[in-house]
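Asks: This is the structure I want to talk about, given as structure tokens.
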Amino acid sequence: MQRSVPRTPLRFSTQTLLLQLGVVLLVVLLSAAVHTWLTYDRVGSEAENQALTLARTVASDPEVRAYVLAISGEEGTPPASELASGPLQVSAEAARTRTGALFVVITDEEGIRLAHPDPQRLGEKVSTDPSEALAGQEVTTRNTGTLGASAGAKVPVYAADNSTVVGEISVGYSMETVGQSVARDIGPVALTAAGALLAGILGSFLLRRRLQRLTLGLEPEEISTLVHDQVAVLQGVDDGVIGVSADGRVSVFNAAAQRMLGLPDLAGTRWEDAPVPDQLTSLTSPDRPAADAVELVAGGRVLVANARKALHGREDLGWVVMLRDRTELQELTRQLDAVGTMSTALRAQRHEFANQLHTLAGFMSIGQHRQARDYLATLAATGPLKFPVEQAELLQDPYLQAFVGAKGVEADERGVSLRIGPETLVRGQVTEAQDVTTVLGNLIDNAVNAAVAGAAAEKWVELEVLDEPGDNGGTLHVVVADSGDGLAEGTDTEAVFAEGFTTATGALNRNNRNGGGQGFGLALARQLARRRGGDVTVLDRGSSGGPGAVFMATLPHTTAGTAAQTSDEGKDQNG
């Protein structure tokens, strides 16, 4: 079930698409930035390690160690001109040129430069702190000195005894060179990021198309509105709604359907495996007319079901099965028929009574007083007007008297005599009138139909009713017999309780019934009785030519004892 929502197709998921593209772009940029930073850090660390290796190599050179020790032992530092042409400057520059370092600096034990790429800086104190190296520690650094930003290392220079620090070696590689290395490595990173961005954009468009197909072009806000509307409608209607998706699974099984069928929520169950009556699954058969509806009995209710194909454009969405409860409607129809029959009988009796009064008035007007007295005596001997039901006084419950009386009038019109059996005794009052009426009415109707169709000349239906008191309400026992031809030879006694079977005409075509509702009476009566913990069974199959079949119904918790009955029982118990 879908509600038509006005929308612009070009606007479909525009915000969602832009959000997806923004997320993809952000992820790609963050990934590229992190990769670039890691590459930069890795190249810088490699430069530091390379500087540390070169510094160790220079510091371990015996000549360098000897010259640094010699200069440190002199009073004062040699002049810059002497240092510029000295062996330390030559060794340092050779190492720097050979390795491509930014600088190779040699200092004495006080941090005074003994070798430097810029001869003008010789004899000056270094611009970075040499204390750690002069204390005998090897360190890697990233500093900005007189030659610019660099990644380097500092190592101590030991005397020949390897215990006395006489100077330090500082080696550095330009960070510009590190940046150039990163720039060379960033090319593949940029290409990878661009490829990832393009893949993300393509995936977003493909996802958009899939969402458009799955959501039938609806916006997220529209989908939310439809979900709220669907829940409100499906759970608010009294009709049962069962949705079957195109792949054959139950997608909707609302509360009304659960109540009518007496089943839990079957959403997600395969339709062909669902524990529902076969008439429902047959409704979704492709070769069945769409407008064809069926009647069935389920959960003690008479239901009318039909199915419609659900389409959205040319897309097949599955089936929608609708269930409507006709139990109360049939009960009201039966009661209205009984009232109508009673009204007709009362009108006939009123007409008869009026004729009798007119006859009596005629006798009086012509002075025939003796004939008038004889006529009144004859009327008094026949008793009061009553329903054509023999021994109806055995049913002390007024509801049963009225209902059985109406059934008697209805049966009498069809040429069938309805009588009360001698074993009948009902002292309590009916408390579950609807269930009792449904079961008793269906059994009587079934018996009247069988009597009418039977071959016996005298057509009758005999009813015996007995109530049995109980702590939680009395049990009503009903036995109905008729003058019909009984069950056909070979008919299973359980088959008569199947939907579509009637003892009057046998098995009916379920799809072509004359007189709607035939074939459901016994099935419905048994389901109602069993739902209350009782049952409806066949006591006697009957015989051809009569008497017919005998049915018995047991209805627990349907009566309540009267005050007089309770008082009598108390006296019996007290002796």
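Labels for the structure tokens follow display order: chains A, B, ..., residues from 1 in each chain, ligands from 1.
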Can you list every residue in range 23-217 of chain A that DSSP puts in strand (DSSP E), as a VMD selection string?

Replies: chain A and resid 103 to 108 113 to 115 139 to 145 148 to 158 165 to 174

Asks: Write out, as a short mmCIF file (atom, residue, chain, number, x, y, z; two decimals), in the first residue's frame, the residues just selected, with N, CA, C and O atoms.

Replies:
data_model
loop_
_atom_site.label_atom_id
_atom_site.label_comp_id
_atom_site.auth_asym_id
_atom_site.auth_seq_id
_atom_site.Cartn_x
_atom_site.Cartn_y
_atom_site.Cartn_z
N PHE A 103 75.78 20.15 5.21
CA PHE A 103 76.99 20.59 5.92
C PHE A 103 77.58 19.42 6.67
O PHE A 103 76.89 18.47 7.04
N VAL A 104 78.92 19.50 6.88
CA VAL A 104 79.67 18.63 7.78
C VAL A 104 80.52 19.58 8.63
O VAL A 104 81.46 20.20 8.11
N VAL A 105 80.18 19.68 9.89
CA VAL A 105 80.84 20.64 10.79
C VAL A 105 81.59 19.87 11.87
O VAL A 105 81.06 18.90 12.43
N ILE A 106 82.85 20.33 12.10
CA ILE A 106 83.68 19.75 13.15
C ILE A 106 83.97 20.84 14.17
O ILE A 106 84.36 21.96 13.79
N THR A 107 83.76 20.53 15.46
CA THR A 107 84.02 21.51 16.51
C THR A 107 84.97 20.92 17.53
O THR A 107 85.19 19.69 17.58
N ASP A 108 85.52 21.81 18.34
CA ASP A 108 86.35 21.32 19.43
C ASP A 108 85.49 21.06 20.65
O ASP A 108 84.26 21.08 20.56
N ARG A 113 83.79 26.06 15.81
CA ARG A 113 83.86 25.42 14.51
C ARG A 113 85.32 25.30 14.06
O ARG A 113 86.04 26.29 13.97
N LEU A 114 85.71 24.07 13.74
CA LEU A 114 87.04 23.82 13.17
C LEU A 114 86.92 23.51 11.68
O LEU A 114 87.93 23.57 10.97
N ALA A 115 85.71 23.14 11.24
CA ALA A 115 85.45 22.89 9.82
C ALA A 115 84.00 23.27 9.55
O ALA A 115 83.09 22.92 10.34
N VAL A 139 72.94 12.15 18.95
CA VAL A 139 71.58 12.67 18.81
C VAL A 139 71.29 12.95 17.35
O VAL A 139 72.20 13.25 16.57
N THR A 140 69.98 12.83 16.99
CA THR A 140 69.51 13.26 15.67
C THR A 140 68.63 14.47 15.88
O THR A 140 67.89 14.56 16.87
N THR A 141 68.68 15.39 14.96
CA THR A 141 68.00 16.67 15.14
C THR A 141 67.38 17.13 13.84
O THR A 141 67.76 16.69 12.75
N ARG A 142 66.38 18.00 13.99
CA ARG A 142 65.84 18.76 12.87
C ARG A 142 65.83 20.21 13.32
O ARG A 142 64.97 20.62 14.11
N ASN A 143 66.79 20.95 12.83
CA ASN A 143 67.01 22.32 13.28
C ASN A 143 67.09 23.25 12.09
O ASN A 143 67.22 22.84 10.93
N THR A 144 67.04 24.54 12.43
CA THR A 144 67.27 25.59 11.44
C THR A 144 68.49 26.37 11.90
O THR A 144 68.45 27.04 12.94
N GLY A 145 69.56 26.22 11.13
CA GLY A 145 70.82 26.90 11.49
C GLY A 145 71.18 27.98 10.49
O GLY A 145 70.31 28.50 9.76
N GLY A 148 70.20 27.07 6.95
CA GLY A 148 68.80 26.77 6.69
C GLY A 148 68.33 25.53 7.46
O GLY A 148 69.08 24.97 8.28
N ALA A 149 67.09 25.12 7.17
CA ALA A 149 66.49 23.96 7.85
C ALA A 149 67.18 22.69 7.39
O ALA A 149 67.51 22.51 6.21
N SER A 150 67.42 21.80 8.36
CA SER A 150 68.14 20.57 8.04
C SER A 150 67.69 19.46 8.97
O SER A 150 67.16 19.69 10.05
N ALA A 151 67.91 18.23 8.49
CA ALA A 151 67.73 17.03 9.30
C ALA A 151 69.10 16.42 9.46
O ALA A 151 69.76 16.07 8.47
N GLY A 152 69.59 16.33 10.69
CA GLY A 152 70.97 15.92 10.88
C GLY A 152 71.19 15.12 12.13
O GLY A 152 70.26 14.64 12.78
N ALA A 153 72.52 15.01 12.47
CA ALA A 153 72.92 14.23 13.64
C ALA A 153 74.19 14.83 14.22
O ALA A 153 74.98 15.48 13.51
N LYS A 154 74.39 14.60 15.51
CA LYS A 154 75.59 15.05 16.22
C LYS A 154 76.17 13.86 16.95
O LYS A 154 75.45 13.16 17.65
N VAL A 155 77.50 13.65 16.79
CA VAL A 155 78.18 12.55 17.50
C VAL A 155 79.46 13.10 18.11
O VAL A 155 80.07 14.05 17.59
N PRO A 156 79.89 12.55 19.22
CA PRO A 156 81.12 13.04 19.86
C PRO A 156 82.38 12.52 19.14
O PRO A 156 82.34 11.46 18.50
N VAL A 157 83.45 13.27 19.29
CA VAL A 157 84.77 12.85 18.79
C VAL A 157 85.62 12.55 20.02
O VAL A 157 85.80 13.40 20.90
N TYR A 158 86.12 11.30 20.07
CA TYR A 158 86.89 10.86 21.21
C TYR A 158 88.40 10.92 20.91
O TYR A 158 88.83 10.82 19.75
N VAL A 165 86.13 13.10 25.44
CA VAL A 165 85.51 13.79 24.31
C VAL A 165 86.31 15.05 24.05
O VAL A 165 86.47 15.90 24.93
N VAL A 166 86.79 15.17 22.82
CA VAL A 166 87.61 16.33 22.45
C VAL A 166 86.90 17.22 21.45
O VAL A 166 87.42 18.29 21.09
N GLY A 167 85.72 16.80 20.99
CA GLY A 167 84.98 17.61 20.00
C GLY A 167 83.70 16.88 19.58
O GLY A 167 83.29 15.88 20.16
N GLU A 168 83.09 17.39 18.52
CA GLU A 168 81.86 16.75 18.00
C GLU A 168 81.75 17.00 16.51
O GLU A 168 82.28 17.98 15.99
N ILE A 169 81.05 16.05 15.85
CA ILE A 169 80.80 16.14 14.42
C ILE A 169 79.31 16.38 14.24
O ILE A 169 78.48 15.65 14.79
N SER A 170 78.96 17.41 13.46
CA SER A 170 77.56 17.72 13.17
C SER A 170 77.36 17.64 11.66
O SER A 170 78.05 18.32 10.90
N VAL A 171 76.44 16.74 11.26
CA VAL A 171 76.15 16.54 9.84
C VAL A 171 74.68 16.82 9.61
O VAL A 171 73.82 16.41 10.42
N GLY A 172 74.35 17.50 8.52
CA GLY A 172 72.95 17.80 8.21
C GLY A 172 72.65 17.72 6.73
O GLY A 172 73.53 17.99 5.90
N TYR A 173 71.41 17.30 6.43
CA TYR A 173 70.92 17.28 5.05
C TYR A 173 69.79 18.28 4.94
O TYR A 173 68.92 18.39 5.83
N SER A 174 69.78 19.03 3.86
CA SER A 174 68.80 20.10 3.69
C SER A 174 67.38 19.54 3.65
O SER A 174 67.11 18.53 2.99
#

Asks: Expressed in Å to a single decimal, how great is the separation between CA of Pro422 in chain A and CA of Glu393 in chain A?

Replies: 10.9 Å
